[in-house]
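structure.txt (compact mmCIF, C-alpha atoms and all ligand atoms)
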# COMPACT_ATOMS: atom_id res chain seq x y z
CA MET A 1 -208.25 -10.12 -50.50
CA CYS A 2 -210.74 -9.44 -47.80
CA ALA A 3 -213.89 -11.41 -48.53
CA ALA A 4 -217.03 -11.57 -46.44
CA VAL A 5 -214.98 -12.51 -43.43
CA CYS A 6 -212.85 -9.40 -43.02
CA PRO A 7 -212.47 -9.08 -39.24
CA VAL A 8 -212.39 -5.74 -37.46
CA ILE A 9 -208.98 -5.69 -35.82
CA VAL A 10 -208.24 -3.00 -33.25
CA SER A 11 -204.56 -2.21 -33.66
CA ARG A 12 -202.07 -1.97 -30.83
CA ALA A 13 -201.85 1.78 -31.34
CA GLU A 14 -205.63 2.05 -31.01
CA TRP A 15 -205.80 0.19 -27.69
CA GLY A 16 -202.73 1.94 -26.34
CA ALA A 17 -200.22 -0.89 -26.19
CA GLN A 18 -196.78 -0.39 -24.75
CA PRO A 19 -194.04 -1.49 -27.18
CA PRO A 20 -192.84 -5.10 -26.87
CA LYS A 21 -189.56 -5.62 -25.02
CA SER A 22 -188.50 -7.79 -27.92
CA ALA A 23 -190.17 -9.71 -30.72
CA ILE A 24 -189.31 -12.98 -32.42
CA ALA A 25 -190.68 -13.71 -35.87
CA LEU A 26 -193.28 -16.46 -36.12
CA LYS A 27 -192.80 -18.79 -39.06
CA VAL A 28 -196.07 -18.92 -41.00
CA PRO A 29 -198.29 -20.58 -41.97
CA VAL A 30 -198.76 -22.24 -38.59
CA ASP A 31 -200.48 -25.61 -38.25
CA HIS A 32 -202.38 -24.96 -35.03
CA VAL A 33 -204.86 -22.50 -33.58
CA ILE A 34 -205.19 -22.46 -29.80
CA ILE A 35 -208.19 -20.98 -28.02
CA HIS A 36 -207.95 -19.40 -24.55
CA HIS A 37 -210.01 -17.30 -22.22
CA THR A 38 -208.39 -14.44 -20.33
CA ASP A 39 -210.12 -15.56 -17.11
CA GLY A 40 -210.62 -11.99 -15.95
CA ALA A 41 -212.53 -8.78 -16.51
CA THR A 42 -214.43 -8.00 -19.68
CA SER A 43 -216.32 -5.09 -21.20
CA ASP A 44 -218.78 -4.43 -23.99
CA SER A 45 -217.20 -1.19 -25.23
CA LYS A 46 -214.07 -0.45 -27.23
CA GLU A 47 -212.82 1.90 -24.54
CA GLY A 48 -213.47 -0.65 -21.79
CA CYS A 49 -211.91 -3.55 -23.73
CA SER A 50 -208.84 -1.42 -24.51
CA LYS A 51 -208.39 -0.78 -20.80
CA VAL A 52 -208.72 -4.51 -19.99
CA ILE A 53 -206.13 -5.39 -22.66
CA ARG A 54 -203.70 -2.81 -21.33
CA GLN A 55 -204.07 -4.41 -17.89
CA ILE A 56 -203.45 -7.89 -19.34
CA GLN A 57 -200.35 -6.64 -21.14
CA LYS A 58 -199.09 -5.03 -17.93
CA TYR A 59 -199.62 -8.29 -16.05
CA HIS A 60 -197.88 -10.38 -18.71
CA VAL A 61 -194.91 -8.01 -18.97
CA GLU A 62 -194.45 -6.97 -15.35
CA THR A 63 -195.54 -10.06 -13.44
CA LYS A 64 -195.00 -12.92 -15.89
CA LYS A 65 -191.87 -11.20 -17.25
CA TRP A 66 -192.83 -11.87 -20.85
CA ASP A 67 -191.80 -9.61 -23.72
CA ASP A 68 -195.34 -8.54 -24.46
CA ILE A 69 -198.98 -9.54 -24.02
CA GLY A 70 -198.85 -13.32 -24.49
CA TYR A 71 -201.68 -13.86 -26.99
CA ASN A 72 -201.57 -13.27 -30.72
CA PHE A 73 -205.11 -11.88 -30.56
CA VAL A 74 -207.80 -11.18 -27.98
CA VAL A 75 -211.52 -11.28 -28.77
CA GLY A 76 -213.02 -8.38 -26.83
CA GLY A 77 -216.33 -8.61 -25.01
CA ASP A 78 -217.52 -6.05 -27.58
CA GLY A 79 -217.03 -8.51 -30.45
CA ARG A 80 -213.97 -6.73 -31.82
CA ILE A 81 -210.61 -8.42 -32.31
CA TYR A 82 -207.70 -6.79 -30.48
CA GLU A 83 -204.23 -7.24 -31.89
CA GLY A 84 -201.82 -8.81 -29.43
CA ARG A 85 -198.59 -10.06 -30.94
CA GLY A 86 -200.42 -10.37 -34.23
CA TRP A 87 -199.89 -12.83 -37.07
CA LYS A 88 -196.16 -12.58 -37.47
CA THR A 89 -194.74 -12.60 -33.94
CA LEU A 90 -194.15 -15.60 -31.71
CA GLY A 91 -196.56 -15.63 -28.77
CA SER A 92 -196.28 -16.74 -25.14
CA GLN A 93 -199.55 -18.57 -24.87
CA ALA A 94 -199.15 -22.35 -25.08
CA LYS A 95 -195.87 -23.89 -23.99
CA GLY A 96 -194.49 -26.21 -26.65
CA TYR A 97 -196.87 -24.78 -29.28
CA ASN A 98 -195.91 -21.12 -29.43
CA SER A 99 -193.75 -21.58 -32.51
CA LYS A 100 -196.45 -23.46 -34.40
CA SER A 101 -199.67 -21.78 -33.41
CA ILE A 102 -201.73 -18.63 -33.28
CA GLY A 103 -203.23 -18.09 -29.83
CA ILE A 104 -206.65 -16.42 -29.67
CA SER A 105 -208.05 -15.52 -26.27
CA PHE A 106 -211.65 -14.66 -25.39
CA MET A 107 -211.89 -11.80 -22.93
CA GLY A 108 -213.63 -12.98 -19.76
CA ASN A 109 -214.23 -16.26 -17.94
CA TYR A 110 -216.13 -18.99 -19.80
CA ASN A 111 -216.27 -21.81 -17.30
CA LYS A 112 -220.03 -21.35 -16.88
CA SER A 113 -221.15 -18.63 -19.25
CA GLU A 114 -220.77 -18.57 -23.01
CA PRO A 115 -219.17 -15.82 -25.08
CA SER A 116 -221.63 -13.72 -27.08
CA ALA A 117 -222.54 -14.68 -30.63
CA ALA A 118 -220.61 -11.61 -31.83
CA MET A 119 -217.44 -12.82 -30.08
CA LEU A 120 -217.77 -16.33 -31.49
CA THR A 121 -218.36 -15.02 -35.02
CA ALA A 122 -215.41 -12.64 -34.71
CA ALA A 123 -213.08 -15.48 -33.72
CA LYS A 124 -214.30 -17.72 -36.53
CA ASN A 125 -213.83 -14.91 -39.04
CA LEU A 126 -210.35 -14.22 -37.73
CA ILE A 127 -209.35 -17.86 -38.26
CA GLU A 128 -210.89 -17.90 -41.72
CA TYR A 129 -209.08 -14.68 -42.59
CA GLY A 130 -205.80 -16.12 -41.26
CA VAL A 131 -206.19 -19.11 -43.57
CA LEU A 132 -207.04 -16.84 -46.50
CA MET A 133 -203.93 -14.76 -45.88
CA LYS A 134 -201.80 -17.89 -45.39
CA TYR A 135 -200.86 -17.10 -41.80
CA ILE A 136 -202.64 -20.31 -40.86
CA SER A 137 -202.30 -23.53 -42.83
CA SER A 138 -205.48 -24.65 -44.59
CA SER A 139 -205.02 -28.03 -42.87
CA TYR A 140 -204.70 -26.46 -39.41
CA GLU A 141 -205.89 -28.11 -36.22
CA LEU A 142 -207.96 -26.20 -33.67
CA HIS A 143 -207.49 -26.85 -29.96
CA GLY A 144 -208.32 -25.50 -26.56
CA HIS A 145 -205.42 -24.56 -24.31
CA ARG A 146 -206.39 -27.54 -22.12
CA ASN A 147 -205.40 -29.89 -24.93
CA VAL A 148 -201.75 -28.94 -24.52
CA LYS A 149 -201.60 -28.22 -20.80
CA CYS A 150 -203.33 -29.19 -17.58
CA THR A 151 -205.56 -26.12 -17.27
CA ASP A 152 -209.27 -25.22 -17.31
CA CYS A 153 -208.58 -22.76 -20.13
CA PRO A 154 -210.58 -21.83 -22.24
CA GLY A 155 -213.35 -22.64 -19.73
CA ALA A 156 -215.78 -25.58 -19.91
CA SER A 157 -218.55 -23.67 -21.70
CA LEU A 158 -216.32 -22.21 -24.39
CA TYR A 159 -214.52 -25.53 -24.80
CA SER A 160 -217.79 -27.33 -25.49
CA ILE A 161 -218.49 -24.77 -28.24
CA ILE A 162 -215.14 -24.98 -30.03
CA GLU A 163 -215.31 -28.77 -29.93
CA LYS A 164 -217.97 -28.42 -32.62
CA TRP A 165 -215.96 -26.04 -34.80
CA PRO A 166 -214.23 -27.18 -38.01
CA ARG A 167 -210.84 -28.88 -37.71
CA PHE A 168 -211.12 -29.29 -33.92
CA LYS A 169 -208.79 -31.85 -32.38
CA GLY A 170 -209.11 -32.61 -28.67
CA GLY A 171 -207.47 -34.95 -26.21
CA LYS A 172 -203.94 -34.59 -24.93
CA LEU A 173 -201.75 -33.45 -27.78
CA PRO A 174 -198.12 -34.50 -28.25
CA GLY A 175 -195.97 -32.64 -25.74
CA TYR A 176 -198.88 -32.19 -23.31
CA ASN A 177 -197.50 -30.38 -20.28
CA ILE A 178 -193.96 -30.89 -21.52
CA TYR A 179 -192.05 -27.97 -22.89
CA ILE A 180 -188.62 -28.96 -23.90
CA TYR A 181 -187.36 -29.35 -27.44
CA ILE A 182 -189.04 -26.51 -29.28
CA PRO A 183 -188.14 -23.63 -26.96
CA PHE A 184 -184.66 -25.00 -26.56
CA HIS A 185 -184.11 -25.59 -30.23
CA LEU A 186 -185.21 -22.08 -31.20
CA GLY A 187 -183.33 -20.44 -28.39
CA VAL A 188 -186.54 -18.86 -27.23
CA PHE A 189 -186.22 -17.43 -23.78
CA GLN A 190 -189.72 -16.33 -23.09
CA LEU A 191 -190.13 -19.16 -20.63
CA GLY A 192 -187.02 -18.31 -18.68
CA LEU A 193 -184.37 -20.81 -17.79
CA ASN A 194 -186.50 -22.92 -15.57
CA PHE A 195 -185.92 -26.38 -14.28
CA PRO A 196 -187.59 -28.42 -17.09
CA ILE A 197 -185.44 -26.72 -19.71
CA LEU A 198 -182.28 -27.37 -17.75
CA LEU A 199 -183.39 -30.96 -17.41
CA SER A 200 -184.05 -31.28 -21.15
CA ARG A 201 -180.66 -29.78 -21.90
CA HIS A 202 -179.15 -32.48 -19.76
CA PHE A 203 -180.97 -35.24 -21.64
CA ILE A 204 -180.22 -33.79 -25.07
CA LYS A 205 -176.52 -33.78 -24.29
CA LYS A 206 -176.75 -37.46 -23.44
ZN ZN A 301 -205.00 -20.44 -21.92
Spell out the structure here as structure tokens.
Ligand SMILES: [Zn+2]
Amino acid sequence: MCAAVCPVIVSRAEWGAQPPKSAIALKVPVDHVIIHHTDGATSDSKEGCSKVIRQIQKYHVETKKWDDIGYNFVVGGDGRIYEGRGWKTLGSQAKGYNSKSIGISFMGNYNKSEPSAAMLTAAKNLIEYGVLMKYISSSYELHGHRNVKCTDCPGASLYSIIEKWPRFKGGKLPGYNIYIYIPFHLGVFQLGLNFPILLSRHFIKK
């Protein structure tokens, strides 16, 4: 099944992940792929990247109060792919799109600098592999996080690169900055019961 594009995926066990607090199944194939940057430290070694990912997971779990590291995958500064929630678990990475996307985050900040060629190739291969394995629909759309939310993510430099990738769709996508129906409908609590959800509940009842 693994053609020329077989990506090297560092498993959770390999990078020393803590177990998720809970996991909700992601219905595949998804129709969207969302690109992020982690906007923090990076490394060019497996050991260093593993440490960075453990820190990101700690931040997402302890500070953000999510069930696990938010992304489905992280592209390490070393050009390896690190398994986050993986292909089959709902992520916490793009409000309103978590249930219909795979979120891939590039380790580092790419506002001004570009990811290495190895990182870009790894991400492209991962997407191609996801399509091959039917985790991602063959008619998927590719976006930057900024297309669904008011954010700089994935950084101006990286964004200008993915704009040229196949199946890219930019602009403000439906539900931009609004996260109501999907989380509510699925009973997904990763966002917490915050004000917009309470508001949407109010409108749905009407
Ligand atoms: Zn993002």
Let me see if you get this right: every residue at most 8 Å from ligand ZN 301 (chain A), counting all atoms listed in the file, written as JSON, numbers by chain. {"A": [35, 36, 37, 38, 93, 94, 105, 144, 145, 146, 151, 152, 153, 154]}
Mind dumping a table of every region 19-64 of chain A residue within 10 Å of region 69-73 of chain A, with the nearest atom pair and its distance in Å to one decimal, using all atoms listed in the file, sorted by chain and rising number, as a Markdown table?
| residue | atom | partner | partner_atom | distance |
| --- | --- | --- | --- | --- |
| A:Pro19 | CA | A:Ile69 | CA | 10.0 |
| A:Pro20 | CA | A:Ile69 | CA | 8.1 |
| A:Ile34 | CA | A:Tyr71 | CA | 9.7 |
| A:Ile35 | CA | A:Tyr71 | CA | 9.7 |
| A:His36 | CA | A:Tyr71 | CA | 8.7 |
| A:Thr38 | CA | A:Tyr71 | CA | 9.5 |
| A:Ile53 | CA | A:Ile69 | CA | 8.4 |
| A:Arg54 | CA | A:Ile69 | CA | 8.6 |
| A:Gln55 | CA | A:Ile69 | CA | 9.5 |
| A:Ile56 | CA | A:Ile69 | CA | 6.7 |
| A:Gln57 | CA | A:Ile69 | CA | 4.3 |
| A:Lys58 | CA | A:Ile69 | CA | 7.6 |
| A:Tyr59 | CA | A:Ile69 | CA | 8.1 |
| A:His60 | CA | A:Ile69 | CA | 5.5 |
| A:Val61 | CA | A:Ile69 | CA | 6.7 |
| A:Lys64 | CA | A:Gly70 | CA | 9.4 |
Tell me, in Å to one decimal, how far CA of Ala123 (chain A) is from CA of Ser99 (chain A).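 The value is 20.3 Å.
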Contacts of region 79-90 of chain A within 8 Å, only C-alpha atoms, excl. fewer than 4 positions in-chain, as a ChimeraX atom specification: /A:7-12,15,23-28,44,46,68-75,98-99,102,116,118-120,122-123,126,130,135
Name all residues at most 8 Å from Asn177 (chain A) (count only C-alpha atoms; drop same-chain ones fewer than 2 positions away) and give them as an MDAnalysis selection string. chainID A and resid 95 148:150 175 179
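Of the listed residues A:Leu142, A:Ala13, A:Cys49, A:Cys6, the one whose atoms come nearest to Ile161 (chain A) is A:Leu142, with distances taken using all atoms listed in the file.
Using all atoms listed in the file, the shortest contact distance between Glu128 (chain A) and any of A:Phe106, A:Lys172, A:Arg167, A:Ser22 is found at A:Arg167.
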Rounded to one decimal, what separation in Å do you get between CA of Lys164 (chain A) and CA of Tyr176 (chain A)?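 These atoms are spaced 21.6 Å apart.
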N, CA and C atoms are what I want for region 73-100 of chain A; can you complete it accordingly and write them as a PDB file, keeping the file's coordinate frame?
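Result file selection.pdb:
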ATOM      1  N   PHE A  73    -203.927 -12.728 -30.446  1.00  0.00           N
ATOM      2  CA  PHE A  73    -205.110 -11.880 -30.560  1.00  0.00           C
ATOM      3  C   PHE A  73    -206.018 -12.094 -29.346  1.00  0.00           C
ATOM      4  N   VAL A  74    -206.780 -11.056 -29.019  1.00  0.00           N
ATOM      5  CA  VAL A  74    -207.800 -11.180 -27.980  1.00  0.00           C
ATOM      6  C   VAL A  74    -209.148 -10.800 -28.606  1.00  0.00           C
ATOM      7  N   VAL A  75    -210.168 -11.618 -28.332  1.00  0.00           N
ATOM      8  CA  VAL A  75    -211.520 -11.280 -28.770  1.00  0.00           C
ATOM      9  C   VAL A  75    -212.164 -10.491 -27.631  1.00  0.00           C
ATOM     10  N   GLY A  76    -212.440  -9.231 -27.874  1.00  0.00           N
ATOM     11  CA  GLY A  76    -213.020  -8.380 -26.830  1.00  0.00           C
ATOM     12  C   GLY A  76    -214.468  -8.745 -26.546  1.00  0.00           C
ATOM     13  N   GLY A  77    -214.936  -8.392 -25.364  1.00  0.00           N
ATOM     14  CA  GLY A  77    -216.330  -8.610 -25.010  1.00  0.00           C
ATOM     15  C   GLY A  77    -217.278  -7.818 -25.913  1.00  0.00           C
ATOM     16  N   ASP A  78    -216.717  -6.862 -26.650  1.00  0.00           N
ATOM     17  CA  ASP A  78    -217.520  -6.050 -27.580  1.00  0.00           C
ATOM     18  C   ASP A  78    -217.587  -6.665 -28.976  1.00  0.00           C
ATOM     19  N   GLY A  79    -216.964  -7.848 -29.148  1.00  0.00           N
ATOM     20  CA  GLY A  79    -217.030  -8.510 -30.450  1.00  0.00           C
ATOM     21  C   GLY A  79    -215.958  -8.036 -31.426  1.00  0.00           C
ATOM     22  N   ARG A  80    -215.083  -7.143 -30.964  1.00  0.00           N
ATOM     23  CA  ARG A  80    -213.970  -6.730 -31.820  1.00  0.00           C
ATOM     24  C   ARG A  80    -212.765  -7.605 -31.519  1.00  0.00           C
ATOM     25  N   ILE A  81    -211.863  -7.701 -32.512  1.00  0.00           N
ATOM     26  CA  ILE A  81    -210.610  -8.420 -32.310  1.00  0.00           C
ATOM     27  C   ILE A  81    -209.544  -7.391 -31.946  1.00  0.00           C
ATOM     28  N   TYR A  82    -208.797  -7.677 -30.895  1.00  0.00           N
ATOM     29  CA  TYR A  82    -207.700  -6.790 -30.480  1.00  0.00           C
ATOM     30  C   TYR A  82    -206.382  -7.464 -30.802  1.00  0.00           C
ATOM     31  N   GLU A  83    -205.537  -6.712 -31.474  1.00  0.00           N
ATOM     32  CA  GLU A  83    -204.230  -7.240 -31.890  1.00  0.00           C
ATOM     33  C   GLU A  83    -203.328  -7.381 -30.666  1.00  0.00           C
ATOM     34  N   GLY A  84    -202.818  -8.594 -30.468  1.00  0.00           N
ATOM     35  CA  GLY A  84    -201.820  -8.810 -29.430  1.00  0.00           C
ATOM     36  C   GLY A  84    -200.459  -8.813 -30.099  1.00  0.00           C
ATOM     37  N   ARG A  85    -199.852  -9.993 -30.188  1.00  0.00           N
ATOM     38  CA  ARG A  85    -198.590 -10.060 -30.940  1.00  0.00           C
ATOM     39  C   ARG A  85    -198.838 -10.135 -32.438  1.00  0.00           C
ATOM     40  N   GLY A  86    -200.072 -10.371 -32.814  1.00  0.00           N
ATOM     41  CA  GLY A  86    -200.420 -10.370 -34.230  1.00  0.00           C
ATOM     42  C   GLY A  86    -200.067 -11.674 -34.927  1.00  0.00           C
ATOM     43  N   TRP A  87    -200.097 -11.627 -36.248  1.00  0.00           N
ATOM     44  CA  TRP A  87    -199.890 -12.830 -37.070  1.00  0.00           C
ATOM     45  C   TRP A  87    -198.438 -13.248 -37.179  1.00  0.00           C
ATOM     46  N   LYS A  88    -197.530 -12.294 -37.059  1.00  0.00           N
ATOM     47  CA  LYS A  88    -196.160 -12.580 -37.470  1.00  0.00           C
ATOM     48  C   LYS A  88    -195.159 -12.615 -36.325  1.00  0.00           C
ATOM     49  N   THR A  89    -195.652 -12.576 -35.083  1.00  0.00           N
ATOM     50  CA  THR A  89    -194.740 -12.600 -33.940  1.00  0.00           C
ATOM     51  C   THR A  89    -195.068 -13.773 -33.024  1.00  0.00           C
ATOM     52  N   LEU A  90    -194.024 -14.454 -32.610  1.00  0.00           N
ATOM     53  CA  LEU A  90    -194.150 -15.600 -31.710  1.00  0.00           C
ATOM     54  C   LEU A  90    -194.846 -15.184 -30.412  1.00  0.00           C
ATOM     55  N   GLY A  91    -195.845 -15.939 -30.003  1.00  0.00           N
ATOM     56  CA  GLY A  91    -196.560 -15.630 -28.770  1.00  0.00           C
ATOM     57  C   GLY A  91    -195.991 -16.342 -27.557  1.00  0.00           C
ATOM     58  N   SER A  92    -196.530 -15.994 -26.380  1.00  0.00           N
ATOM     59  CA  SER A  92    -196.280 -16.740 -25.140  1.00  0.00           C
ATOM     60  C   SER A  92    -197.640 -17.160 -24.640  1.00  0.00           C
ATOM     61  N   GLN A  93    -198.163 -18.231 -25.219  1.00  0.00           N
ATOM     62  CA  GLN A  93    -199.550 -18.570 -24.870  1.00  0.00           C
ATOM     63  C   GLN A  93    -199.760 -20.061 -24.669  1.00  0.00           C
ATOM     64  N   ALA A  94    -198.966 -20.902 -25.267  1.00  0.00           N
ATOM     65  CA  ALA A  94    -199.150 -22.350 -25.080  1.00  0.00           C
ATOM     66  C   ALA A  94    -197.776 -23.008 -25.178  1.00  0.00           C
ATOM     67  N   LYS A  95    -197.220 -23.319 -24.022  1.00  0.00           N
ATOM     68  CA  LYS A  95    -195.870 -23.890 -23.990  1.00  0.00           C
ATOM     69  C   LYS A  95    -195.754 -25.092 -24.909  1.00  0.00           C
ATOM     70  N   GLY A  96    -194.702 -25.112 -25.705  1.00  0.00           N
ATOM     71  CA  GLY A  96    -194.490 -26.210 -26.650  1.00  0.00           C
ATOM     72  C   GLY A  96    -195.163 -25.967 -27.986  1.00  0.00           C
ATOM     73  N   TYR A  97    -196.136 -25.043 -28.029  1.00  0.00           N
ATOM     74  CA  TYR A  97    -196.870 -24.780 -29.280  1.00  0.00           C
ATOM     75  C   TYR A  97    -196.750 -23.342 -29.760  1.00  0.00           C
ATOM     76  N   ASN A  98    -196.016 -22.525 -29.037  1.00  0.00           N
ATOM     77  CA  ASN A  98    -195.910 -21.120 -29.430  1.00  0.00           C
ATOM     78  C   ASN A  98    -195.369 -20.932 -30.837  1.00  0.00           C
ATOM     79  N   SER A  99    -194.396 -21.758 -31.205  1.00  0.00           N
ATOM     80  CA  SER A  99    -193.750 -21.580 -32.510  1.00  0.00           C
ATOM     81  C   SER A  99    -194.566 -22.162 -33.651  1.00  0.00           C
ATOM     82  N   LYS A 100    -195.655 -22.858 -33.329  1.00  0.00           N
ATOM     83  CA  LYS A 100    -196.450 -23.460 -34.400  1.00  0.00           C
ATOM     84  C   LYS A 100    -197.928 -23.152 -34.289  1.00  0.00           C
TER      85      LYS A 100
END
